[in-house]
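Containing TSV, C-alpha atoms and all ligand atoms: model04.tsv.
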```
chain	number	residue	atom	x	y	z
W	11	MET	CA	19.37	15.41	8.79
W	12	HIS	CA	16.98	12.58	9.61
W	13	ALA	CA	14.81	10.16	7.61
W	14	ARG	CA	11.24	10.32	8.88
W	15	ILE	CA	8.00	8.57	7.91
W	16	THR	CA	5.52	11.22	6.80
W	17	GLY	CA	2.68	9.01	5.57
W	18	THR	CA	1.48	5.41	5.61
W	19	GLY	CA	-0.96	3.41	3.49
W	20	SER	CA	-2.06	-0.16	3.00
W	21	TYR	CA	-4.32	-2.33	0.90
W	22	LEU	CA	-5.92	-5.75	1.29
W	23	PRO	CA	-7.61	-7.41	-1.67
W	24	PRO	CA	-11.38	-7.75	-1.08
W	25	THR	CA	-11.60	-11.56	-1.11
W	26	ALA	CA	-11.29	-12.84	2.48
W	27	LEU	CA	-10.79	-16.53	3.22
W	28	SER	CA	-11.58	-17.79	6.74
W	29	ASN	CA	-10.19	-20.95	8.31
W	30	HIS	CA	-13.65	-22.49	7.83
W	31	ASP	CA	-13.47	-21.59	4.12
W	32	LEU	CA	-10.15	-23.48	3.89
W	33	VAL	CA	-11.76	-26.57	5.41
W	34	ALA	CA	-14.68	-26.20	2.98
W	35	ARG	CA	-12.14	-26.08	0.11
W	36	GLY	CA	-10.85	-29.48	1.22
W	37	VAL	CA	-7.70	-28.51	3.16
W	38	ASP	CA	-7.07	-31.17	5.85
W	39	THR	CA	-7.11	-28.74	8.79
W	40	SER	CA	-9.44	-27.12	11.32
W	41	ASP	CA	-10.23	-23.65	12.62
W	42	ASP	CA	-9.20	-24.81	16.12
W	43	TRP	CA	-5.74	-26.01	14.98
W	44	ILE	CA	-4.97	-22.86	12.99
W	45	VAL	CA	-6.15	-20.47	15.71
W	46	GLU	CA	-4.38	-22.35	18.51
W	47	ARG	CA	-1.03	-22.78	16.67
W	48	THR	CA	-0.89	-19.49	14.73
W	49	GLY	CA	-3.61	-17.02	15.83
W	50	ILE	CA	-4.76	-16.70	12.19
W	51	ARG	CA	-8.51	-16.55	11.50
W	52	ILE	CA	-8.72	-14.82	8.10
W	53	ARG	CA	-6.38	-14.02	5.21
W	54	HIS	CA	-7.06	-12.04	2.02
W	55	LEU	CA	-6.45	-13.34	-1.49
W	56	ALA	CA	-5.80	-11.30	-4.61
W	57	ASP	CA	-8.03	-11.89	-7.62
W	58	ASN	CA	-6.41	-13.63	-10.59
W	59	GLY	CA	-5.84	-10.36	-12.43
W	60	GLN	CA	-4.34	-8.54	-9.43
W	61	MET	CA	-0.55	-8.39	-9.39
W	62	ALA	CA	1.82	-7.31	-6.62
W	63	SER	CA	2.19	-3.91	-8.34
W	64	ASP	CA	-1.61	-3.41	-8.30
W	65	LEU	CA	-1.76	-3.97	-4.53
W	66	ALA	CA	1.30	-1.73	-4.13
W	67	LEU	CA	-0.36	1.04	-6.14
W	68	GLU	CA	-3.40	1.15	-3.83
W	69	ALA	CA	-1.23	1.23	-0.70
W	70	SER	CA	1.10	3.87	-2.23
W	71	LEU	CA	-1.74	6.21	-3.20
W	72	LYS	CA	-2.97	6.12	0.41
W	73	ALA	CA	0.54	6.78	1.75
W	74	LEU	CA	0.98	9.72	-0.65
W	75	ALA	CA	-2.34	11.19	0.47
W	76	ALA	CA	-1.42	10.73	4.15
W	77	ALA	CA	1.91	12.52	3.55
W	78	ASP	CA	0.04	15.18	1.58
W	79	ILE	CA	2.36	14.97	-1.43
W	80	THR	CA	1.96	13.98	-5.08
W	81	ALA	CA	3.82	11.13	-6.76
W	82	GLY	CA	5.95	13.65	-8.65
W	83	LYS	CA	7.82	14.45	-5.43
W	84	ILE	CA	9.12	10.88	-5.02
W	85	ASP	CA	12.78	10.57	-6.01
W	86	LEU	CA	13.27	6.94	-4.92
W	87	ILE	CA	11.06	3.83	-4.95
W	88	ILE	CA	12.20	0.75	-3.06
W	89	LEU	CA	9.79	-2.17	-3.17
W	90	ALA	CA	10.11	-5.38	-1.17
W	91	THR	CA	8.50	-8.51	-2.59
W	92	SER	CA	9.10	-12.21	-3.12
W	93	THR	CA	6.14	-12.44	-5.50
W	94	PRO	CA	7.03	-9.94	-8.25
W	95	ASP	CA	4.77	-9.37	-11.25
W	96	TYR	CA	7.49	-10.56	-13.64
W	97	ILE	CA	11.02	-11.91	-13.61
W	98	PHE	CA	11.83	-8.44	-14.91
W	99	PRO	CA	11.35	-5.50	-14.97
W	100	SER	CA	11.22	-4.94	-11.24
W	101	THR	CA	7.83	-4.49	-9.60
W	102	ALA	CA	9.13	-1.10	-8.40
W	103	CYS	CA	9.40	0.04	-12.05
W	104	LEU	CA	5.91	-1.27	-12.82
W	105	LEU	CA	4.58	0.58	-9.77
W	106	GLN	CA	6.33	3.75	-10.90
W	107	SER	CA	4.61	3.46	-14.28
W	108	LYS	CA	1.21	2.91	-12.63
W	109	LEU	CA	1.82	6.01	-10.50
W	110	GLY	CA	2.30	7.92	-13.75
W	111	VAL	CA	5.74	9.26	-12.89
W	112	GLY	CA	9.22	8.56	-14.21
W	113	GLY	CA	12.87	9.43	-13.81
W	114	ALA	CA	13.34	8.56	-10.14
W	115	ALA	CA	15.39	5.53	-9.11
W	116	ALA	CA	13.25	2.42	-8.60
W	117	PHE	CA	14.27	-1.10	-7.63
W	118	ASP	CA	13.12	-4.21	-5.77
W	119	VAL	CA	14.56	-5.71	-2.61
W	120	GLN	CA	14.30	-9.46	-2.05
W	121	ALA	CA	14.59	-10.44	1.60
W	122	VAL	CA	11.30	-12.35	1.93
W	123	CYS	CA	9.52	-11.56	5.23
W	124	SER	CA	12.34	-9.20	6.30
W	125	GLY	CA	11.92	-7.32	3.02
W	126	PHE	CA	10.29	-4.23	4.47
W	127	ALA	CA	12.92	-3.85	7.23
W	128	TYR	CA	15.57	-4.16	4.51
W	129	ALA	CA	13.85	-1.71	2.13
W	130	LEU	CA	13.25	0.89	4.84
W	131	THR	CA	16.86	0.68	6.00
W	132	VAL	CA	18.18	1.03	2.45
W	133	ALA	CA	15.92	4.06	1.90
W	134	GLN	CA	17.16	5.57	5.17
W	135	LYS	CA	20.78	5.25	3.99
W	136	PHE	CA	19.97	6.95	0.66
W	137	ILE	CA	18.30	9.84	2.49
W	138	LEU	CA	21.06	10.22	5.09
W	139	SER	CA	23.65	10.26	2.29
W	140	GLY	CA	21.94	13.38	0.93
W	141	SER	CA	21.43	11.88	-2.53
W	142	HIS	CA	17.63	11.53	-2.20
W	143	ARG	CA	14.93	13.33	-0.21
W	144	CYS	CA	11.62	11.55	-0.68
W	145	ALA	CA	11.34	7.76	-0.82
W	146	LEU	CA	8.32	5.54	-1.38
W	147	VAL	CA	9.00	2.28	0.46
W	148	VAL	CA	6.61	-0.60	-0.19
W	149	GLY	CA	6.07	-4.19	0.87
W	150	THR	CA	3.68	-6.07	-1.42
W	151	GLU	CA	2.90	-9.74	-1.84
W	152	VAL	CA	0.64	-12.17	-3.64
W	153	PHE	CA	1.87	-15.20	-1.69
W	154	SER	CA	-1.32	-17.10	-2.55
W	155	ARG	CA	0.28	-17.65	-6.03
W	156	ILE	CA	3.14	-19.70	-4.56
W	157	LEU	CA	1.18	-21.86	-2.11
W	158	ASP	CA	0.68	-25.59	-2.50
W	159	TRP	CA	-2.95	-25.96	-1.39
W	160	ASN	CA	-2.25	-29.63	-0.61
W	161	ASP	CA	0.41	-28.70	1.96
W	162	ARG	CA	-1.53	-27.87	5.12
W	163	GLY	CA	1.72	-26.96	6.89
W	164	THR	CA	2.07	-23.82	4.73
W	165	CYS	CA	-1.14	-23.01	2.83
W	166	VAL	CA	-3.07	-22.00	5.95
W	167	LEU	CA	-0.45	-19.43	6.98
W	168	PHE	CA	-0.12	-16.88	4.21
W	169	GLY	CA	-2.19	-14.08	2.67
W	170	ASP	CA	-1.91	-11.25	0.14
W	171	GLY	CA	-1.66	-7.50	0.74
W	172	ALA	CA	0.50	-4.39	0.54
W	173	GLY	CA	1.73	-1.61	2.80
W	174	ALA	CA	3.64	1.56	1.97
W	175	VAL	CA	5.33	4.49	3.68
W	176	ILE	CA	6.72	7.80	2.52
W	177	LEU	CA	10.17	8.39	4.05
W	178	GLU	CA	11.39	11.97	3.78
W	179	ALA	CA	14.47	13.96	4.71
W	180	SER	CA	13.58	15.94	7.82
W	181	ASP	CA	15.01	18.14	10.57
W	182	GLU	CA	12.97	16.13	13.08
W	183	PRO	CA	14.12	12.72	14.32
W	184	GLY	CA	12.72	9.72	12.46
W	185	ILE	CA	14.65	6.46	12.13
W	186	LEU	CA	16.89	6.23	15.21
W	187	ALA	CA	18.72	2.96	14.48
W	188	SER	CA	18.47	-0.05	12.22
W	189	ALA	CA	20.21	-3.38	11.80
W	190	LEU	CA	20.04	-6.02	9.08
W	191	HIS	CA	21.34	-9.59	9.15
W	192	ALA	CA	21.34	-12.75	7.06
W	193	ASP	CA	22.61	-16.31	7.36
W	194	GLY	CA	22.31	-18.04	4.00
W	195	SER	CA	23.32	-21.39	5.47
W	196	HIS	CA	19.71	-21.71	6.68
W	197	HIS	CA	18.19	-21.19	3.22
W	198	GLY	CA	16.67	-24.68	3.20
W	199	ILE	CA	14.25	-24.22	6.13
W	200	LEU	CA	12.09	-21.73	4.21
W	201	GLU	CA	12.29	-21.52	0.44
W	202	VAL	CA	10.57	-21.63	-2.92
W	203	PRO	CA	13.09	-23.85	-4.69
W	204	GLY	CA	12.02	-23.19	-8.28
W	205	SER	CA	13.38	-21.33	-11.29
W	206	VAL	CA	12.57	-20.86	-14.95
W	207	CYS	CA	14.65	-22.41	-17.73
W	208	ASP	CA	13.83	-23.00	-21.40
W	209	GLY	CA	10.29	-21.78	-20.81
W	210	LYS	CA	9.63	-24.31	-18.04
W	211	VAL	CA	9.56	-24.21	-14.26
W	212	VAL	CA	12.49	-26.18	-12.90
W	213	GLY	CA	12.19	-27.37	-9.30
W	214	GLN	CA	9.21	-26.49	-7.12
W	215	PRO	CA	7.50	-23.10	-7.39
W	216	PHE	CA	5.79	-23.50	-3.98
W	217	VAL	CA	6.66	-22.46	-0.43
W	218	LYS	CA	8.48	-25.26	1.41
W	219	MET	CA	9.04	-24.80	5.13
W	220	ASP	CA	10.33	-26.60	8.17
W	221	GLY	CA	7.88	-24.82	10.49
W	222	PRO	CA	9.36	-25.75	13.88
W	223	ALA	CA	12.92	-24.84	12.74
W	224	VAL	CA	11.72	-21.47	11.44
W	225	PHE	CA	9.81	-20.89	14.67
W	226	LYS	CA	12.88	-21.47	16.88
W	227	PHE	CA	15.13	-19.34	14.67
W	228	ALA	CA	12.61	-16.48	14.51
W	229	VAL	CA	12.08	-16.25	18.27
W	230	LYS	CA	15.82	-16.05	18.91
W	231	VAL	CA	16.85	-13.53	16.25
W	232	LEU	CA	13.88	-11.19	16.73
W	233	ALA	CA	14.78	-10.65	20.39
W	234	ASP	CA	18.51	-10.33	19.59
W	235	VAL	CA	18.09	-7.77	16.82
W	236	ALA	CA	15.64	-5.70	18.88
W	237	HIS	CA	18.22	-5.45	21.67
W	238	GLU	CA	20.90	-4.61	19.09
W	239	VAL	CA	19.05	-1.55	17.72
W	240	LEU	CA	18.04	-0.41	21.23
W	241	ASP	CA	21.73	-0.51	22.21
W	242	MET	CA	22.67	1.41	19.05
W	243	ALA	CA	20.20	4.15	20.02
W	244	GLY	CA	21.22	4.10	23.69
W	245	MET	CA	17.69	3.16	24.72
W	246	ASN	CA	16.06	0.26	26.51
W	247	ALA	CA	12.88	-1.68	25.78
W	248	ALA	CA	10.85	0.41	28.22
W	249	ALA	CA	11.16	3.29	25.72
W	250	ILE	CA	9.18	1.37	23.07
W	251	ASP	CA	5.62	2.64	22.71
W	252	TRP	CA	4.70	0.06	20.07
W	253	LEU	CA	6.32	-3.13	18.87
W	254	ILE	CA	5.26	-3.81	15.27
W	255	PRO	CA	6.74	-7.20	14.37
W	256	HIS	CA	6.40	-9.28	11.25
W	257	GLN	CA	3.02	-11.00	11.50
W	258	ALA	CA	3.75	-14.72	11.05
W	259	ASN	CA	2.43	-16.40	14.15
W	260	ILE	CA	0.91	-14.97	17.35
W	261	ARG	CA	3.07	-17.33	19.43
W	262	ILE	CA	6.29	-15.95	17.87
W	263	ILE	CA	5.02	-12.41	18.51
W	264	GLN	CA	4.14	-13.23	22.15
W	265	SER	CA	7.56	-14.82	22.74
W	266	THR	CA	9.34	-11.80	21.29
W	267	ALA	CA	7.32	-9.40	23.44
W	268	LYS	CA	8.03	-11.50	26.52
W	269	LYS	CA	11.77	-11.57	25.81
W	270	LEU	CA	11.71	-7.76	25.53
W	271	GLY	CA	9.67	-7.43	28.72
W	272	LEU	CA	6.80	-5.78	26.84
W	273	SER	CA	3.14	-6.41	27.58
W	274	MET	CA	1.00	-7.47	24.62
W	275	GLU	CA	-0.85	-4.17	25.05
W	276	LYS	CA	2.19	-2.54	23.45
W	277	VAL	CA	2.22	-4.87	20.45
W	278	ILE	CA	0.35	-4.29	17.19
W	279	THR	CA	-1.06	-7.57	15.89
W	280	THR	CA	-2.92	-8.11	12.65
W	281	VAL	CA	-2.00	-11.75	12.08
W	282	ASP	CA	-5.53	-12.83	13.06
W	283	ARG	CA	-7.08	-10.83	10.19
W	284	HIS	CA	-4.26	-10.77	7.60
W	285	GLY	CA	-2.34	-14.03	8.03
W	286	ASN	CA	1.33	-13.84	7.08
W	287	THR	CA	1.66	-11.34	4.21
W	288	SER	CA	5.47	-11.61	4.19
W	289	ALA	CA	7.12	-8.30	3.19
W	290	ALA	CA	3.77	-6.51	3.43
W	291	SER	CA	2.98	-7.47	7.02
W	292	ILE	CA	4.91	-4.76	8.90
W	293	PRO	CA	3.73	-1.74	6.84
W	294	LEU	CA	0.19	-3.18	6.83
W	295	ALA	CA	0.19	-3.45	10.63
W	296	LEU	CA	1.76	0.00	10.97
W	297	ASP	CA	-0.88	1.59	8.76
W	298	VAL	CA	-3.74	-0.16	10.58
W	299	ALA	CA	-2.46	1.18	13.91
W	300	VAL	CA	-1.88	4.70	12.55
W	301	ARG	CA	-5.38	4.87	11.08
W	302	ASP	CA	-7.13	3.49	14.19
W	303	GLY	CA	-5.31	6.09	16.30
W	304	ARG	CA	-3.10	3.85	18.42
W	305	VAL	CA	0.19	4.96	16.82
W	306	LYS	CA	0.60	8.72	17.19
W	307	ARG	CA	3.18	11.28	16.10
W	308	GLY	CA	6.19	11.18	18.43
W	309	ASP	CA	5.68	7.53	19.46
W	310	THR	CA	8.74	5.27	19.53
W	311	LEU	CA	8.21	2.24	17.30
W	312	MET	CA	10.18	-0.97	16.94
W	313	LEU	CA	9.60	-2.62	13.55
W	314	GLU	CA	11.18	-6.02	13.03
W	315	GLY	CA	11.09	-8.81	10.52
W	316	VAL	CA	12.45	-12.30	9.96
W	317	GLY	CA	12.15	-14.58	6.97
W	318	GLY	CA	13.61	-16.74	4.24
W	319	GLY	CA	17.27	-16.50	3.51
W	320	PHE	CA	17.50	-16.59	6.45
W	321	THR	CA	17.19	-12.82	6.91
W	322	TRP	CA	16.23	-10.63	9.84
W	323	GLY	CA	16.32	-6.98	10.78
W	324	ALA	CA	14.88	-4.23	12.96
W	325	VAL	CA	14.22	-0.52	12.64
W	326	LEU	CA	13.73	1.69	15.71
W	327	LEU	CA	12.08	5.02	14.94
W	328	LYS	CA	10.26	8.06	16.20
W	329	PHE	CA	7.01	8.25	14.29
P	401	LIG	O1	7.36	-15.49	7.92
P	401	LIG	C1	8.23	-16.39	8.46
P	401	LIG	C2	7.79	-17.69	7.99
P	401	LIG	N1	7.06	-18.58	8.75
P	401	LIG	C3	6.94	-18.67	10.09
P	401	LIG	O2	7.33	-17.87	10.88
P	401	LIG	C4	6.31	-19.91	10.59
P	401	LIG	C5	7.03	-20.49	11.78
P	401	LIG	N2	6.46	-21.75	12.23
P	401	LIG	C6	5.21	-21.85	12.72
P	401	LIG	O3	4.48	-20.87	12.78
P	401	LIG	C7	4.75	-23.20	13.23
P	401	LIG	O4	5.85	-24.07	13.24
P	401	LIG	C8	3.60	-23.79	12.37
P	401	LIG	C9	2.33	-23.01	12.62
P	401	LIG	C10	3.94	-23.75	10.92
P	401	LIG	C11	3.35	-25.23	12.78
P	401	LIG	O5	3.05	-25.29	14.16
P	401	LIG	P1	3.81	-26.36	15.07
P	401	LIG	O6	3.24	-26.22	16.43
P	401	LIG	O7	5.29	-26.11	14.92
P	401	LIG	O8	3.37	-27.72	14.45
P	401	LIG	P2	4.23	-28.89	13.75
P	401	LIG	O9	4.74	-28.44	12.43
P	401	LIG	O10	5.22	-29.40	14.75
P	401	LIG	O11	3.11	-29.98	13.53
P	401	LIG	C12	2.38	-30.53	14.62
P	401	LIG	C13	1.27	-31.41	14.06
P	401	LIG	C14	1.76	-32.40	13.02
P	401	LIG	O12	1.03	-33.59	13.17
P	401	LIG	P3	1.65	-34.85	13.95
P	401	LIG	O13	2.89	-35.21	13.18
P	401	LIG	O14	1.94	-34.35	15.34
P	401	LIG	O15	0.56	-35.87	13.87
P	401	LIG	C15	1.36	-31.76	11.72
P	401	LIG	O16	1.17	-32.69	10.69
P	401	LIG	O17	0.29	-30.60	13.41
P	401	LIG	C16	0.06	-31.10	12.10
P	401	LIG	N3	-0.30	-29.99	11.23
P	401	LIG	C17	-1.58	-29.60	11.06
P	401	LIG	N4	-2.73	-30.05	11.56
P	401	LIG	C18	-3.85	-29.40	11.18
P	401	LIG	C19	0.53	-29.19	10.51
P	401	LIG	N5	-0.21	-28.27	9.85
P	401	LIG	C20	-1.51	-28.51	10.18
P	401	LIG	C21	-2.71	-27.88	9.83
P	401	LIG	N6	-3.86	-28.35	10.36
P	401	LIG	N7	-2.76	-26.80	9.01
```

If you took the structure in this file and wrote it as structure tokens, what would it be?
Ligand code: UT7
Amino acid sequence: MHARITGTGSYLPPTALSNHDLVARGVDTSDDWIVERTGIRIRHLADNGQMASDLALEASLKALAAADITAGKIDLIILATSTPDYIFPSTACLLQSKLGVGGAAAFDVQAVCSGFAYALTVAQKFILSGSHRCALVVGTEVFSRILDWNDRGTCVLFGDGAGAVILEASDEPGILASALHADGSHHGILEVPGSVCDGKVVGQPFVKMDGPAVFKFAVKVLADVAHEVLDMAGMNAAAIDWLIPHQANIRIIQSTAKKLGLSMEKVITTVDRHGNTSAASIPLALDVAVRDGRVKRGDTLMLEGVGGGFTWGAVLLKF
């Protein structure tokens, strides 16, 4: 028994914001700085009425169509987000309702930008246990809601979007190996240190980040965890057809590829057009590359994420 991706989908809200638009809005930055330091040119922003579950619904409907199944077949929904619609119920339950189905297990996973690697790995374990056969795994974010537009060190980096996959029990190989890690002692270098109490926000409900510290940490753990899953599968980096990393910064992606000995021609990048969409970035990039024909059935893919917590993880799979 294997757990195999049978369909992918993604969704970007229609409003696109260029680096020049940010300058025009009064952010103390420049197109040159953002492109040179991050590779980002454009990010998409959800409209005020669009919630994480709305973005997730659009991506999920496309993934269902690609897998050629109806929502009624899904027996598990795992949704990764750090920007849920509500404190509760989970965004997974709200998505289930919008899909018009009920009864299947549905829950959220909170691992920030590693969220999709976490969610996919959890879904894989459910399927390999034999308890479930058809999972909808989603990463969806409206990070624009938690940005301080006066903090140029963070507000230029993030965008909104969603990506989804259908993961089914299969006789054919799918996920070959996966590994998840966390080190909570680094929680302070990337956090939204706010909560709700007595009807008020306590603390700061905005992204706070020590960019250079996150950068150094990300480059190290992304290479380490990629080697870890390759070792688990008895493979080496030359076997990777496509590296699909979390899309935070083109320089982090280039460093990771270099450490793995992969040319950038084997790396899917969307950070220039999407910005950092946190838990949505990996499934968004995967879906873009599936739909433009680069990722084909039978290809070996390395998906990997790193983010707040600190969390990191990788999933090696046959597509
Ligand atoms: O999903 C995981 C989460 N996030 C990440 O992976 C992000 C990881 N970190 C990074 O991508 C980079 O650290 C950043 C892109 C955030 C920053 O790049 P950097 O090369 O590490 O710059 P820095 O923070 O060391 O700042 C360098 C300079 C500073 O000015 P001074 O002190 O040298 O005069 C900043 O104030 O750049 C300035 N700066 C900016 N200038 C123009 C910071 N943000 C901006 C900006 N526009 N948006």

Q | At most 8 Å from ligand LIG 401 (chain P) (only C-alpha atoms and all ligand atoms): residue list as an MDAnalysis selection string | A | chainID W and resid 37:40 43:44 47:48 122:123 161:167 200 219:226 228 256:259 261:262 286:288 316:318

Save the residues we just selected, C-alpha atoms, as a compact mmCIF listing (two decimals), keeping the file's coordinate frame?
```txt
# COMPACT_ATOMS: atom_id res chain seq x y z
CA VAL W 37 -7.70 -28.51 3.16
CA ASP W 38 -7.07 -31.17 5.85
CA THR W 39 -7.11 -28.74 8.79
CA SER W 40 -9.44 -27.12 11.32
CA TRP W 43 -5.74 -26.01 14.98
CA ILE W 44 -4.97 -22.86 12.99
CA ARG W 47 -1.03 -22.78 16.67
CA THR W 48 -0.89 -19.49 14.73
CA VAL W 122 11.30 -12.35 1.93
CA CYS W 123 9.52 -11.56 5.23
CA ASP W 161 0.41 -28.70 1.96
CA ARG W 162 -1.53 -27.87 5.12
CA GLY W 163 1.72 -26.96 6.89
CA THR W 164 2.07 -23.82 4.73
CA CYS W 165 -1.14 -23.01 2.83
CA VAL W 166 -3.07 -22.00 5.95
CA LEU W 167 -0.45 -19.43 6.98
CA LEU W 200 12.09 -21.73 4.21
CA MET W 219 9.04 -24.80 5.13
CA ASP W 220 10.33 -26.60 8.17
CA GLY W 221 7.88 -24.82 10.49
CA PRO W 222 9.36 -25.75 13.88
CA ALA W 223 12.92 -24.84 12.74
CA VAL W 224 11.72 -21.47 11.44
CA PHE W 225 9.81 -20.89 14.67
CA LYS W 226 12.88 -21.47 16.88
CA ALA W 228 12.61 -16.48 14.51
CA HIS W 256 6.40 -9.28 11.25
CA GLN W 257 3.02 -11.00 11.50
CA ALA W 258 3.75 -14.72 11.05
CA ASN W 259 2.43 -16.40 14.15
CA ARG W 261 3.07 -17.33 19.43
CA ILE W 262 6.29 -15.95 17.87
CA ASN W 286 1.33 -13.84 7.08
CA THR W 287 1.66 -11.34 4.21
CA SER W 288 5.47 -11.61 4.19
CA VAL W 316 12.45 -12.30 9.96
CA GLY W 317 12.15 -14.58 6.97
CA GLY W 318 13.61 -16.74 4.24
```

Q) Contacts of W:Ser265 at 10 Å or less, counting all atoms listed in the file, minus same-chain residues fewer than 2 places along, as a list in words? A) Ala228, Val229, Lys230, Leu232, Ala233, Ile260, Arg261, Ile262, Ile263, Ala267, Lys268, Lys269, Leu270, Gly271 and Leu272 of chain W

(Q) For a quick check of understanding, using all atoms listed in the file, which of W:Val281, W:Ala13, W:Val132, W:Ile250 has the smallest distance to W:Val45? (A)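 Closest residue, counting all atoms listed in the file: W:Val281.
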
Q: Choose the residue, out of W:Ala127, W:Ala81, W:Leu71, W:Ala90, that has the smallest atom-to-atom separation from W:Gly112; count all atoms listed in the file.
A: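 Comparing W:Ala127, W:Ala81, W:Leu71, W:Ala90 against W:Gly112, the winner is W:Ala81.
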
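Neighbours of W:Val277 closer than or equal to 6 Å, with all atoms listed in the file counted and sequence neighbours fewer than 2 positions away skipped, come out as Trp252, Leu253, Met274 and Glu275 of chain W.
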
Q: Could you give me, as a PyMOL selection string, the residues within 9 Å of W:Glu182, counting all atoms listed in the file and dropping anything in the same chain fewer than 6 positions from it?
A: chain W and resi 11-14

Given all atoms listed in the file, how would the per-residue table for stretch 39-112 of chain W near stretch 144-154 of chain W read, listing every residue at most 8 Å away with its closest atom pair and distance in Å to one decimal, sorted by chain and number, as JSON lines?
```
{"residue": "W:Leu55", "atom": "CA", "partner": "W:Ser154", "partner_atom": "CA", "distance": 6.4}
{"residue": "W:Ala56", "atom": "CA", "partner": "W:Val152", "partner_atom": "CA", "distance": 6.6}
{"residue": "W:Met61", "atom": "CA", "partner": "W:Val152", "partner_atom": "CA", "distance": 7.0}
{"residue": "W:Ala62", "atom": "CA", "partner": "W:Glu151", "partner_atom": "CA", "distance": 5.5}
{"residue": "W:Ser63", "atom": "CA", "partner": "W:Thr150", "partner_atom": "CA", "distance": 7.4}
{"residue": "W:Leu65", "atom": "CA", "partner": "W:Thr150", "partner_atom": "CA", "distance": 6.6}
{"residue": "W:Ala66", "atom": "CA", "partner": "W:Thr150", "partner_atom": "CA", "distance": 5.6}
{"residue": "W:Ser70", "atom": "CA", "partner": "W:Val148", "partner_atom": "CA", "distance": 7.4}
{"residue": "W:Lys83", "atom": "CA", "partner": "W:Cys144", "partner_atom": "CA", "distance": 6.7}
{"residue": "W:Ile84", "atom": "CA", "partner": "W:Cys144", "partner_atom": "CA", "distance": 5.1}
{"residue": "W:Asp85", "atom": "CA", "partner": "W:Cys144", "partner_atom": "CA", "distance": 5.5}
{"residue": "W:Leu86", "atom": "CA", "partner": "W:Ala145", "partner_atom": "CA", "distance": 4.6}
{"residue": "W:Ile87", "atom": "CA", "partner": "W:Leu146", "partner_atom": "CA", "distance": 4.8}
{"residue": "W:Ile88", "atom": "CA", "partner": "W:Val147", "partner_atom": "CA", "distance": 5.0}
{"residue": "W:Leu89", "atom": "CA", "partner": "W:Val148", "partner_atom": "CA", "distance": 4.6}
{"residue": "W:Ala90", "atom": "CA", "partner": "W:Gly149", "partner_atom": "CA", "distance": 4.7}
{"residue": "W:Thr91", "atom": "CA", "partner": "W:Thr150", "partner_atom": "CA", "distance": 5.5}
{"residue": "W:Ser92", "atom": "CA", "partner": "W:Glu151", "partner_atom": "CA", "distance": 6.8}
{"residue": "W:Thr93", "atom": "CA", "partner": "W:Glu151", "partner_atom": "CA", "distance": 5.6}
{"residue": "W:Pro94", "atom": "CA", "partner": "W:Glu151", "partner_atom": "CA", "distance": 7.6}
```

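Restricting the calculation to all atoms listed in the file, the smallest distance between W:Ser28 and any of W:Asp282, W:Ser100, W:Ile292, W:Ile156 is found for W:Asp282.
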
**Q.** Atomic separation - atom CA of W:Lys218 relative to atom CA of W:Gln120, Å
**A.** 17.2 Å

Q.
Could you check which residues have any atom within 9 Å of (1.3, 11.9, 2.1), counting all atoms listed in the file with coordinates taken straight from the file, and then list them as a PyMOL selection string?
A. chain W and resi 16-19+71-80+175-176

(Q) For a quick check of understanding, using all atoms listed in the file, which of W:Gly49, W:Gln214, W:Asp297, W:Gly204 has the smallest distance to W:Asp158? (A) W:Gln214

Q. How would you write as a ChimeraX atom specification the residues that get within 6 Å of (16.7, -2.4, 17.7) in the file's frame, counting all atoms listed in the file?
A. /W:235-240,324-326

Dump of C-alpha atoms for the selected residues, as a PDB file, keeping the file's coordinate frame:
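File produced: result_20.pdb:
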```pdb
ATOM      1  CA  VAL W 235      18.090  -7.770  16.820  1.00  0.00           C
ATOM      2  CA  ALA W 236      15.640  -5.700  18.880  1.00  0.00           C
ATOM      3  CA  HIS W 237      18.220  -5.450  21.670  1.00  0.00           C
ATOM      4  CA  GLU W 238      20.900  -4.610  19.090  1.00  0.00           C
ATOM      5  CA  VAL W 239      19.050  -1.550  17.720  1.00  0.00           C
ATOM      6  CA  LEU W 240      18.040  -0.410  21.230  1.00  0.00           C
ATOM      7  CA  ALA W 324      14.880  -4.230  12.960  1.00  0.00           C
ATOM      8  CA  VAL W 325      14.220  -0.520  12.640  1.00  0.00           C
ATOM      9  CA  LEU W 326      13.730   1.690  15.710  1.00  0.00           C
TER      10      LEU W 326
END
```

**Q.** Interatomic distance (Å, one decimal) between atom CA of W:His284 and atom CA of W:Gly125
**A.** 17.2 Å

Q. Skipping near chain neighbours, those fewer than 5 positions away, what residues fall within 12 Å of W:Val212 using all atoms listed in the file, listed as number ranges by chain?
A. W: 202-207

Q: Could you please determine the separation between atom CA of W:Ser141 and atom CA of W:Ala295 in Å, to one decimal place?
A: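 Distance reported for this atom pair: 29.3 Å.
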
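Among the candidate residues W:Trp322, W:Ser273, W:Ala102, W:Ala249, the one lying nearest to W:Asp193 is W:Trp322, with distances computed using all atoms listed in the file.
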
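Contact shell of W:Tyr21 at 7 Å (only C-alpha atoms; same-chain neighbours under 6 positions omitted): Leu65, Glu68, Ala69, Gly171, Ala172 and Gly173 of chain W.
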
Please return the centre and edge lengths, in Å to one decimal, of a box with edges along x, y and z that contains all listed atoms of stretch 19-25 of chain W, widened by 4 Å on every side, as lines of an AutoDock Vina configuration file.
```
center_x = -6.3
center_y = -4.1
center_z = 0.9
size_x = 18.6
size_y = 23.0
size_z = 13.2
```
